[in-house]
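*Asks:* One file is attached below, query38.pdb, containing PDB, C-alpha atoms.
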```pdb
MODEL        1
ATOM      1  CA  MET A   1      38.770  -8.476 -14.794  1.00  0.00           C
ATOM      2  CA  ASN A   2      38.563  -8.716 -10.970  1.00  0.00           C
ATOM      3  CA  LYS A   3      36.777  -5.323 -10.832  1.00  0.00           C
ATOM      4  CA  PHE A   4      34.220  -6.600 -13.339  1.00  0.00           C
ATOM      5  CA  ILE A   5      33.568  -9.753 -11.283  1.00  0.00           C
ATOM      6  CA  GLY A   6      33.299  -7.660  -8.092  1.00  0.00           C
ATOM      7  CA  LEU A   7      30.809  -5.324  -9.783  1.00  0.00           C
ATOM      8  CA  LEU A   8      28.798  -8.298 -11.057  1.00  0.00           C
ATOM      9  CA  ILE A   9      28.659  -9.798  -7.541  1.00  0.00           C
ATOM     10  CA  LEU A  10      27.559  -6.428  -6.089  1.00  0.00           C
ATOM     11  CA  ILE A  11      24.774  -6.040  -8.666  1.00  0.00           C
ATOM     12  CA  THR A  12      23.610  -9.627  -8.100  1.00  0.00           C
ATOM     13  CA  SER A  13      23.527  -9.207  -4.311  1.00  0.00           C
ATOM     14  CA  MET A  14      21.557  -5.950  -4.652  1.00  0.00           C
ATOM     15  CA  SER A  15      19.027  -7.732  -6.854  1.00  0.00           C
ATOM     16  CA  ILE A  16      18.628 -10.558  -4.340  1.00  0.00           C
ATOM     17  CA  SER A  17      18.137  -8.073  -1.494  1.00  0.00           C
ATOM     18  CA  SER A  18      15.534  -6.187  -3.508  1.00  0.00           C
ATOM     19  CA  ASN A  19      13.650  -9.411  -4.312  1.00  0.00           C
ATOM     20  CA  GLU A  20      13.769 -10.546  -0.682  1.00  0.00           C
ATOM     21  CA  LEU A  21      12.425  -7.175   0.491  1.00  0.00           C
ATOM     22  CA  ILE A  22       9.633  -7.262  -2.112  1.00  0.00           C
ATOM     23  CA  ASP A  23       8.759 -10.836  -1.051  1.00  0.00           C
ATOM     24  CA  THR A  24       8.607  -9.731   2.604  1.00  0.00           C
ATOM     25  CA  PHE A  25       6.282  -6.819   1.763  1.00  0.00           C
ATOM     26  CA  ASN A  26       4.098  -9.003  -0.460  1.00  0.00           C
ATOM     27  CA  LYS A  27       3.696 -11.624   2.271  1.00  0.00           C
ATOM     28  CA  LEU A  28       2.634  -8.897   4.720  1.00  0.00           C
ATOM     29  CA  ILE A  29       0.339  -7.139   2.234  1.00  0.00           C
ATOM     30  CA  LEU A  30      -1.579 -10.341   1.566  1.00  0.00           C
ATOM     31  CA  LYS A  31      -2.467 -10.866   5.272  1.00  0.00           C
ATOM     32  CA  ASP A  32      -5.378  -9.461   7.246  1.00  0.00           C
ATOM     33  CA  LEU A  33      -4.217  -6.060   8.491  1.00  0.00           C
ATOM     34  CA  ASP A  34      -5.170  -3.261  10.854  1.00  0.00           C
ATOM     35  CA  PHE A  35      -4.335   0.244   9.674  1.00  0.00           C
ATOM     36  CA  ASN A  36      -3.998   3.785  10.947  1.00  0.00           C
ATOM     37  CA  GLN A  37      -3.906   6.508   8.295  1.00  0.00           C
ATOM     38  CA  LYS A  38      -2.826  10.112   8.709  1.00  0.00           C
ATOM     39  CA  THR A  39      -3.697  12.505   5.892  1.00  0.00           C
ATOM     40  CA  MET A  40      -1.898  15.846   5.943  1.00  0.00           C
ATOM     41  CA  ASN A  41      -2.923  18.930   4.034  1.00  0.00           C
ATOM     42  CA  LEU A  42       0.341  20.868   3.785  1.00  0.00           C
ATOM     43  CA  LYS A  43      -1.448  24.058   2.687  1.00  0.00           C
ATOM     44  CA  THR A  44      -3.740  24.218   5.737  1.00  0.00           C
ATOM     45  CA  SER A  45      -1.558  22.204   8.164  1.00  0.00           C
ATOM     46  CA  LYS A  46      -4.639  20.080   8.928  1.00  0.00           C
ATOM     47  CA  VAL A  47      -4.164  16.391   9.819  1.00  0.00           C
ATOM     48  CA  ASP A  48      -6.986  13.848   9.594  1.00  0.00           C
ATOM     49  CA  ASN A  49      -6.754  10.388  11.127  1.00  0.00           C
ATOM     50  CA  SER A  50      -8.629   7.265  10.168  1.00  0.00           C
ATOM     51  CA  PHE A  51      -8.301   3.665  11.210  1.00  0.00           C
ATOM     52  CA  GLY A  52      -9.787   0.290  10.442  1.00  0.00           C
ATOM     53  CA  ASN A  53      -8.878  -3.104   9.103  1.00  0.00           C
ATOM     54  CA  ILE A  54      -8.457  -5.128   5.935  1.00  0.00           C
ATOM     55  CA  LYS A  55      -9.890  -8.641   5.713  1.00  0.00           C
ATOM     56  CA  ARG A  56      -9.470 -11.144   2.907  1.00  0.00           C
ATOM     57  CA  THR A  57     -11.918 -13.859   1.967  1.00  0.00           C
ATOM     58  CA  ASN A  58     -11.525 -15.832  -1.234  1.00  0.00           C
ATOM     59  CA  LYS A  59     -10.840 -13.200  -3.899  1.00  0.00           C
ATOM     60  CA  VAL A  60     -12.523 -10.304  -2.071  1.00  0.00           C
ATOM     61  CA  ILE A  61     -10.674  -7.687  -0.045  1.00  0.00           C
ATOM     62  CA  THR A  62     -12.841  -5.884   2.504  1.00  0.00           C
ATOM     63  CA  ILE A  63     -11.584  -2.604   3.938  1.00  0.00           C
ATOM     64  CA  ASN A  64     -13.514  -1.515   7.031  1.00  0.00           C
ATOM     65  CA  VAL A  65     -12.965   2.116   7.998  1.00  0.00           C
ATOM     66  CA  GLU A  66     -14.062   2.596  11.604  1.00  0.00           C
ATOM     67  CA  SER A  67     -13.236   6.288  12.056  1.00  0.00           C
ATOM     68  CA  PRO A  68     -13.801   9.154  11.384  1.00  0.00           C
ATOM     69  CA  PHE A  69     -16.621   7.871   9.138  1.00  0.00           C
ATOM     70  CA  LYS A  70     -17.809   4.291   9.169  1.00  0.00           C
ATOM     71  CA  GLU A  71     -17.409   2.885   5.638  1.00  0.00           C
ATOM     72  CA  ARG A  72     -16.788  -0.462   3.969  1.00  0.00           C
ATOM     73  CA  TYR A  73     -14.991  -1.055   0.686  1.00  0.00           C
ATOM     74  CA  LYS A  74     -15.297  -4.466  -0.966  1.00  0.00           C
ATOM     75  CA  ILE A  75     -12.773  -4.954  -3.730  1.00  0.00           C
ATOM     76  CA  ASN A  76     -12.978  -7.827  -6.158  1.00  0.00           C
ATOM     77  CA  GLU A  77     -11.345  -8.397  -9.554  1.00  0.00           C
ATOM     78  CA  ASP A  78     -13.627  -5.986 -11.445  1.00  0.00           C
ATOM     79  CA  TYR A  79     -15.118  -3.402  -9.113  1.00  0.00           C
ATOM     80  CA  ILE A  80     -15.206  -1.728  -5.709  1.00  0.00           C
ATOM     81  CA  GLU A  81     -18.416  -1.634  -3.717  1.00  0.00           C
ATOM     82  CA  ILE A  82     -18.460   1.275  -1.274  1.00  0.00           C
ATOM     83  CA  TYR A  83     -20.933   1.234   1.601  1.00  0.00           C
ATOM     84  CA  ASP A  84     -21.428   4.352   3.734  1.00  0.00           C
ATOM     85  CA  TYR A  85     -22.971   3.402   7.094  1.00  0.00           C
ATOM     86  CA  ASP A  86     -23.934   6.994   7.978  1.00  0.00           C
ATOM     87  CA  PHE A  87     -26.084   7.438   4.862  1.00  0.00           C
ATOM     88  CA  ASP A  88     -26.973   3.749   4.378  1.00  0.00           C
ATOM     89  CA  GLU A  89     -25.805   4.133   0.797  1.00  0.00           C
ATOM     90  CA  THR A  90     -23.952   1.824  -1.612  1.00  0.00           C
ATOM     91  CA  LYS A  91     -21.922   2.925  -4.618  1.00  0.00           C
ATOM     92  CA  THR A  92     -20.104   0.725  -7.152  1.00  0.00           C
ATOM     93  CA  LEU A  93     -17.042   1.755  -9.185  1.00  0.00           C
ATOM     94  CA  LEU A  94     -15.399  -0.292 -11.917  1.00  0.00           C
ATOM     95  CA  LEU A  95     -11.682  -0.755 -11.296  1.00  0.00           C
ATOM     96  CA  GLU A  96     -10.938   0.078 -14.928  1.00  0.00           C
ATOM     97  CA  ASP A  97     -12.438   3.559 -14.375  1.00  0.00           C
ATOM     98  CA  ILE A  98     -10.119   4.506 -11.531  1.00  0.00           C
ATOM     99  CA  ASP A  99      -6.373   4.552 -11.068  1.00  0.00           C
ATOM    100  CA  ILE A 100      -5.534   3.884  -7.459  1.00  0.00           C
ATOM    101  CA  LYS A 101      -2.126   2.269  -7.154  1.00  0.00           C
ATOM    102  CA  THR A 102      -2.647   1.382  -3.487  1.00  0.00           C
ATOM    103  CA  ILE A 103      -5.589  -0.873  -4.435  1.00  0.00           C
ATOM    104  CA  GLU A 104      -3.337  -2.662  -6.905  1.00  0.00           C
ATOM    105  CA  PHE A 105      -0.747  -3.198  -4.143  1.00  0.00           C
ATOM    106  CA  LEU A 106      -3.394  -4.577  -1.785  1.00  0.00           C
ATOM    107  CA  SER A 107      -4.728  -6.999  -4.370  1.00  0.00           C
ATOM    108  CA  LYS A 108      -1.562  -8.047  -6.202  1.00  0.00           C
ATOM    109  CA  GLY A 109       1.375  -6.957  -4.078  1.00  0.00           C
ATOM    110  CA  ILE A 110       4.428  -5.032  -5.263  1.00  0.00           C
ATOM    111  CA  ASN A 111       5.735  -5.766  -8.744  1.00  0.00           C
ATOM    112  CA  ASP A 112       9.539  -5.729  -8.853  1.00  0.00           C
ATOM    113  CA  LYS A 113       9.402  -3.892 -12.204  1.00  0.00           C
ATOM    114  CA  ASP A 114       7.798  -0.906 -10.444  1.00  0.00           C
ATOM    115  CA  VAL A 115      10.577  -0.532  -7.837  1.00  0.00           C
ATOM    116  CA  ILE A 116      12.773   2.470  -8.617  1.00  0.00           C
ATOM    117  CA  SER A 117      15.001   2.368  -5.521  1.00  0.00           C
ATOM    118  CA  PHE A 118      15.460   0.431  -2.297  1.00  0.00           C
ATOM    119  CA  ASP A 119      17.650  -0.065   0.746  1.00  0.00           C
ATOM    120  CA  ASN A 120      17.655  -2.769   3.411  1.00  0.00           C
ATOM    121  CA  LYS A 121      14.204  -1.881   4.883  1.00  0.00           C
ATOM    122  CA  SER A 122      12.474   0.422   2.398  1.00  0.00           C
ATOM    123  CA  LEU A 123      11.682   0.838  -1.260  1.00  0.00           C
ATOM    124  CA  ILE A 124      10.116   3.360  -3.586  1.00  0.00           C
ATOM    125  CA  VAL A 125       7.618   2.265  -6.215  1.00  0.00           C
ATOM    126  CA  LYS A 126       6.766   4.352  -9.262  1.00  0.00           C
ATOM    127  CA  SER A 127       3.198   5.459  -9.732  1.00  0.00           C
ATOM    128  CA  ILE A 128       1.403   7.700 -12.213  1.00  0.00           C
ATOM    129  CA  GLN A 129       0.458  10.232  -9.507  1.00  0.00           C
ATOM    130  CA  ASP A 130       3.498  10.239  -7.262  1.00  0.00           C
ATOM    131  CA  ASP A 131       6.009   7.662  -6.129  1.00  0.00           C
ATOM    132  CA  ILE A 132       4.998   5.495  -3.163  1.00  0.00           C
ATOM    133  CA  TYR A 133       7.384   4.891  -0.271  1.00  0.00           C
ATOM    134  CA  PHE A 134       7.232   1.554   1.594  1.00  0.00           C
ATOM    135  CA  GLU A 135       9.128   0.926   4.827  1.00  0.00           C
ATOM    136  CA  LEU A 136       9.322  -2.311   6.788  1.00  0.00           C
ATOM    137  CA  ILE A 137       8.979  -1.590  10.516  1.00  0.00           C
ATOM    138  CA  ASN A 138       9.260  -5.172  11.762  1.00  0.00           C
ATOM    139  CA  ALA A 139       8.112  -8.694  10.822  1.00  0.00           C
ATOM    140  CA  GLU A 140       4.452  -7.732  11.337  1.00  0.00           C
ATOM    141  CA  SER A 141       4.170  -4.080  10.322  1.00  0.00           C
ATOM    142  CA  PHE A 142       5.051  -1.616   7.594  1.00  0.00           C
ATOM    143  CA  ILE A 143       4.181   1.897   6.454  1.00  0.00           C
ATOM    144  CA  ILE A 144       3.442   3.429   3.098  1.00  0.00           C
ATOM    145  CA  LYS A 145       3.679   7.111   2.281  1.00  0.00           C
ATOM    146  CA  PHE A 146       2.240   8.756  -0.832  1.00  0.00           C
ATOM    147  CA  LYS A 147       0.586  11.868  -2.180  1.00  0.00           C
ATOM    148  CA  ASP A 148      -3.010  11.300  -3.314  1.00  0.00           C
ATOM    149  CA  ASN A 149      -4.821  12.769  -6.328  1.00  0.00           C
ATOM    150  CA  LEU A 150      -5.822  15.816  -4.223  1.00  0.00           C
ATOM    151  CA  GLY A 151      -2.197  16.554  -3.369  1.00  0.00           C
ATOM    152  CA  LEU A 152      -2.585  15.432   0.256  1.00  0.00           C
ATOM    153  CA  GLU A 153       0.250  13.568   1.996  1.00  0.00           C
ATOM    154  CA  ASN A 154      -0.815  10.162   3.312  1.00  0.00           C
ATOM    155  CA  LEU A 155       1.001   7.980   5.801  1.00  0.00           C
ATOM    156  CA  ILE A 156      -0.554   4.587   6.517  1.00  0.00           C
ATOM    157  CA  ASN A 157       0.753   2.269   9.218  1.00  0.00           C
ATOM    158  CA  PHE A 158      -0.234  -1.378   8.653  1.00  0.00           C
ATOM    159  CA  GLN A 159      -0.054  -4.059  11.350  1.00  0.00           C
ATOM    160  CA  VAL A 160      -0.892  -7.746  10.955  1.00  0.00           C
ATOM    161  CA  SER A 161      -4.274  -8.387  12.641  1.00  0.00           C
ATOM    162  CA  GLY A 162      -4.369 -10.666  15.565  1.00  0.00           C
TER     163      GLY A 162
ENDMDL
END
```
Before anything else, please render the file you have as structure tokens.

*Replies:*
Amino acid sequence: MNKFIGLLILITSMSISSNELIDTFNKLILKDLDFNQKTMNLKTSKVDNSFGNIKRTNKVITINVESPFKERYKINEDYIEIYDYDFDETKTLLLEDIDIKTIEFLSKGINDKDVISFDNKSLIVKSIQDDIYFELINAESFIIKFKDNLGLENLINFQVSG
């Protein structure tokens, strides 16, 4: 009986820790953020870097990529508007036509049902493409690591703007 109670307490404390970690990530995700992304092609050993910021106004998320190409992505509930500064060109994609889990995280946060494992500072979230790794660096920054639909490894460092 005592072993059962001990096991129940352990499971309950793990669940609380997981929920607290998810809450911490979700609070950070929903802030204005600066980011630095490294994309690695393991076949060619090529690494590309990009950086920019994420701003939130009302129900619109604006992602401004400053380098290597200047682009803006405006995400609302139904679509993404992509503006390419170099070509002065706008393109619109319906969210229902694409499956990008990172956009879902930016707009809604992490759903605890998607978490497949965690420890005190990191968690792994299931995704159709490949699982996504989240790690809390400190109270104002975190990283995510995932493989995109082209098979490229991505590591994005997010920092609260300010």

*Asks:* Here is a test: counting all atoms listed in the file, which residue of A:Ser107, A:Arg72, A:Ile156, A:Ser117 is nearest to Asn49 (chain A)?

*Replies:*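 Between A:Ser107, A:Arg72, A:Ile156, A:Ser117, the residue approaching Asn49 (chain A) most closely is A:Ile156.
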
*Asks:* So how far away is CA of Ile132 (chain A) from CA of Thr102 (chain A), in Å?

*Replies:*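 Separating CA of Thr102 (chain A) from CA of Ile132 (chain A) is a distance of 8.7 Å.
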
*Asks:* Tell me, in Å to one decimal, how far CA of Tyr83 (chain A) is from CA of Asp97 (chain A).

*Replies:* 18.2 Å

*Asks:* For the provided coordinates, the residues matched by the PyMOL selection byres ((chain A and resi 47) around 12) should be stated as a list in words.

*Replies:*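 Listing what the PyMOL selection byres ((chain A and resi 47) around 12) selects in the shown file: Gln37, Lys38, Thr39, Met40, Asn41, Leu42, Lys43, Thr44, Ser45, Lys46, Asp48, Asn49, Ser50, Leu152, Glu153, Asn154 and Leu155 of chain A.
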
*Asks:* Do you have the CA of Asp32 (chain A)-CA of Ile82 (chain A) distance handy?

*Replies:*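 Interatomic distance here is 18.9 Å.
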
*Asks:* For a quick check of understanding, using all atoms listed in the file, which of A:Ile61, A:Ile54, A:Ile137, A:Ile103 has the smallest distance to Lys121 (chain A)?

*Replies:*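 Among the listed residues, A:Ile137 lies closest to Lys121 (chain A).
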
*Asks:* If the PyMOL selection byres ((chain A and resi 125-129) around 9) were run on this exact file, what residues would it hold? Put them as a PDB file with C-alpha atoms, keeping the file's coordinate frame.

*Replies:*
```pdb
ATOM      1  CA  ASP A  99      -6.373   4.552 -11.068  1.00  0.00           C
ATOM      2  CA  ILE A 100      -5.534   3.884  -7.459  1.00  0.00           C
ATOM      3  CA  LYS A 101      -2.126   2.269  -7.154  1.00  0.00           C
ATOM      4  CA  ILE A 110       4.428  -5.032  -5.263  1.00  0.00           C
ATOM      5  CA  ASN A 111       5.735  -5.766  -8.744  1.00  0.00           C
ATOM      6  CA  ASP A 112       9.539  -5.729  -8.853  1.00  0.00           C
ATOM      7  CA  LYS A 113       9.402  -3.892 -12.204  1.00  0.00           C
ATOM      8  CA  ASP A 114       7.798  -0.906 -10.444  1.00  0.00           C
ATOM      9  CA  VAL A 115      10.577  -0.532  -7.837  1.00  0.00           C
ATOM     10  CA  ILE A 116      12.773   2.470  -8.617  1.00  0.00           C
ATOM     11  CA  SER A 117      15.001   2.368  -5.521  1.00  0.00           C
ATOM     12  CA  PHE A 118      15.460   0.431  -2.297  1.00  0.00           C
ATOM     13  CA  LEU A 123      11.682   0.838  -1.260  1.00  0.00           C
ATOM     14  CA  ILE A 124      10.116   3.360  -3.586  1.00  0.00           C
ATOM     15  CA  ASP A 130       3.498  10.239  -7.262  1.00  0.00           C
ATOM     16  CA  ASP A 131       6.009   7.662  -6.129  1.00  0.00           C
ATOM     17  CA  ILE A 132       4.998   5.495  -3.163  1.00  0.00           C
ATOM     18  CA  TYR A 133       7.384   4.891  -0.271  1.00  0.00           C
ATOM     19  CA  PHE A 134       7.232   1.554   1.594  1.00  0.00           C
ATOM     20  CA  PHE A 146       2.240   8.756  -0.832  1.00  0.00           C
ATOM     21  CA  LYS A 147       0.586  11.868  -2.180  1.00  0.00           C
ATOM     22  CA  ASP A 148      -3.010  11.300  -3.314  1.00  0.00           C
ATOM     23  CA  ASN A 149      -4.821  12.769  -6.328  1.00  0.00           C
TER      24      ASN A 149
END
```

*Asks:* Ranking A:Asn120, A:Asn36, A:Gln159, A:Ser18 by minimum distance to Ala139 (chain A) and counting all atoms listed in the file, which one comes first?

*Replies:*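 That would be A:Gln159, the residue with the smallest distance to Ala139 (chain A).
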
*Asks:* Smallest atom-to-atom distance to Asp34 (chain A): which of A:Asp119, A:Glu140, A:Glu96, A:Glu81, using all atoms listed in the file?

*Replies:*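 Closest to Asp34 (chain A) of all the choices is A:Glu140.
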
*Asks:* To test your reading of the syntax: which residues would the PyMOL selection byres ((chain A and resi 35) around 6) return for the file shown? Reply as a ChimeraX atom specification.

*Replies:* /A:34,36,51-53,157-158

*Asks:* Go through A:Phe69, A:Glu135, A:Gly109, A:Leu95 one by one, measure the shortest atom-to-atom distance of each to Lys31 (chain A) using only C-alpha atoms, and give the residue with the smallest value.

*Replies:*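 Looking at the shortest contact to Lys31 (chain A), the residue is A:Gly109.
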
*Asks:* As a PDB file, in the coordinates of the input, please: region 38-60 of chain A completed to N, CA and C atoms.

*Replies:*
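The resulting file, selection_13.pdb, is shown below:
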```
ATOM      1  N   LYS A  38      -2.880   8.679   8.470  1.00  0.00           N
ATOM      2  CA  LYS A  38      -2.826  10.112   8.709  1.00  0.00           C
ATOM      3  C   LYS A  38      -2.771  10.793   7.338  1.00  0.00           C
ATOM      4  N   THR A  39      -3.670  11.737   7.129  1.00  0.00           N
ATOM      5  CA  THR A  39      -3.697  12.505   5.892  1.00  0.00           C
ATOM      6  C   THR A  39      -3.396  13.944   6.245  1.00  0.00           C
ATOM      7  N   MET A  40      -2.350  14.498   5.608  1.00  0.00           N
ATOM      8  CA  MET A  40      -1.898  15.846   5.943  1.00  0.00           C
ATOM      9  C   MET A  40      -2.092  16.787   4.759  1.00  0.00           C
ATOM     10  N   ASN A  41      -2.789  17.881   5.023  1.00  0.00           N
ATOM     11  CA  ASN A  41      -2.923  18.930   4.034  1.00  0.00           C
ATOM     12  C   ASN A  41      -1.837  19.952   4.345  1.00  0.00           C
ATOM     13  N   LEU A  42      -0.796  19.993   3.518  1.00  0.00           N
ATOM     14  CA  LEU A  42       0.341  20.868   3.785  1.00  0.00           C
ATOM     15  C   LEU A  42      -0.013  22.346   3.647  1.00  0.00           C
ATOM     16  N   LYS A  43      -1.045  22.663   2.858  1.00  0.00           N
ATOM     17  CA  LYS A  43      -1.448  24.058   2.687  1.00  0.00           C
ATOM     18  C   LYS A  43      -2.156  24.599   3.925  1.00  0.00           C
ATOM     19  N   THR A  44      -2.971  23.759   4.575  1.00  0.00           N
ATOM     20  CA  THR A  44      -3.740  24.218   5.737  1.00  0.00           C
ATOM     21  C   THR A  44      -3.172  23.705   7.054  1.00  0.00           C
ATOM     22  N   SER A  45      -2.166  22.852   6.991  1.00  0.00           N
ATOM     23  CA  SER A  45      -1.558  22.204   8.164  1.00  0.00           C
ATOM     24  C   SER A  45      -2.564  21.356   8.953  1.00  0.00           C
ATOM     25  N   LYS A  46      -3.620  20.913   8.288  1.00  0.00           N
ATOM     26  CA  LYS A  46      -4.639  20.080   8.928  1.00  0.00           C
ATOM     27  C   LYS A  46      -4.261  18.606   8.766  1.00  0.00           C
ATOM     28  N   VAL A  47      -4.442  17.825   9.839  1.00  0.00           N
ATOM     29  CA  VAL A  47      -4.164  16.391   9.819  1.00  0.00           C
ATOM     30  C   VAL A  47      -5.447  15.649  10.177  1.00  0.00           C
ATOM     31  N   ASP A  48      -5.834  14.702   9.323  1.00  0.00           N
ATOM     32  CA  ASP A  48      -6.986  13.848   9.594  1.00  0.00           C
ATOM     33  C   ASP A  48      -6.485  12.436   9.848  1.00  0.00           C
ATOM     34  N   ASN A  49      -7.109  11.765  10.795  1.00  0.00           N
ATOM     35  CA  ASN A  49      -6.754  10.388  11.127  1.00  0.00           C
ATOM     36  C   ASN A  49      -7.927   9.470  10.822  1.00  0.00           C
ATOM     37  N   SER A  50      -7.611   8.301  10.324  1.00  0.00           N
ATOM     38  CA  SER A  50      -8.629   7.265  10.168  1.00  0.00           C
ATOM     39  C   SER A  50      -7.986   5.930  10.513  1.00  0.00           C
ATOM     40  N   PHE A  51      -8.824   4.993  10.901  1.00  0.00           N
ATOM     41  CA  PHE A  51      -8.301   3.665  11.210  1.00  0.00           C
ATOM     42  C   PHE A  51      -9.353   2.625  10.887  1.00  0.00           C
ATOM     43  N   GLY A  52      -8.887   1.389  10.763  1.00  0.00           N
ATOM     44  CA  GLY A  52      -9.787   0.290  10.442  1.00  0.00           C
ATOM     45  C   GLY A  52      -8.993  -0.986  10.220  1.00  0.00           C
ATOM     46  N   ASN A  53      -9.554  -1.844   9.373  1.00  0.00           N
ATOM     47  CA  ASN A  53      -8.878  -3.104   9.103  1.00  0.00           C
ATOM     48  C   ASN A  53      -9.141  -3.570   7.681  1.00  0.00           C
ATOM     49  N   ILE A  54      -8.341  -4.528   7.263  1.00  0.00           N
ATOM     50  CA  ILE A  54      -8.457  -5.128   5.935  1.00  0.00           C
ATOM     51  C   ILE A  54      -8.574  -6.632   6.137  1.00  0.00           C
ATOM     52  N   LYS A  55      -9.640  -7.201   5.617  1.00  0.00           N
ATOM     53  CA  LYS A  55      -9.890  -8.641   5.713  1.00  0.00           C
ATOM     54  C   LYS A  55      -9.941  -9.232   4.309  1.00  0.00           C
ATOM     55  N   ARG A  56      -9.472 -10.444   4.193  1.00  0.00           N
ATOM     56  CA  ARG A  56      -9.470 -11.144   2.907  1.00  0.00           C
ATOM     57  C   ARG A  56     -10.269 -12.434   3.016  1.00  0.00           C
ATOM     58  N   THR A  57     -11.184 -12.601   2.077  1.00  0.00           N
ATOM     59  CA  THR A  57     -11.918 -13.859   1.967  1.00  0.00           C
ATOM     60  C   THR A  57     -12.021 -14.205   0.486  1.00  0.00           C
ATOM     61  N   ASN A  58     -11.582 -15.402   0.167  1.00  0.00           N
ATOM     62  CA  ASN A  58     -11.525 -15.832  -1.234  1.00  0.00           C
ATOM     63  C   ASN A  58     -10.807 -14.776  -2.069  1.00  0.00           C
ATOM     64  N   LYS A  59     -11.477 -14.202  -3.048  1.00  0.00           N
ATOM     65  CA  LYS A  59     -10.840 -13.200  -3.899  1.00  0.00           C
ATOM     66  C   LYS A  59     -11.357 -11.787  -3.614  1.00  0.00           C
ATOM     67  N   VAL A  60     -11.958 -11.609  -2.442  1.00  0.00           N
ATOM     68  CA  VAL A  60     -12.523 -10.304  -2.071  1.00  0.00           C
ATOM     69  C   VAL A  60     -11.712  -9.714  -0.927  1.00  0.00           C
TER      70      VAL A  60
END
```
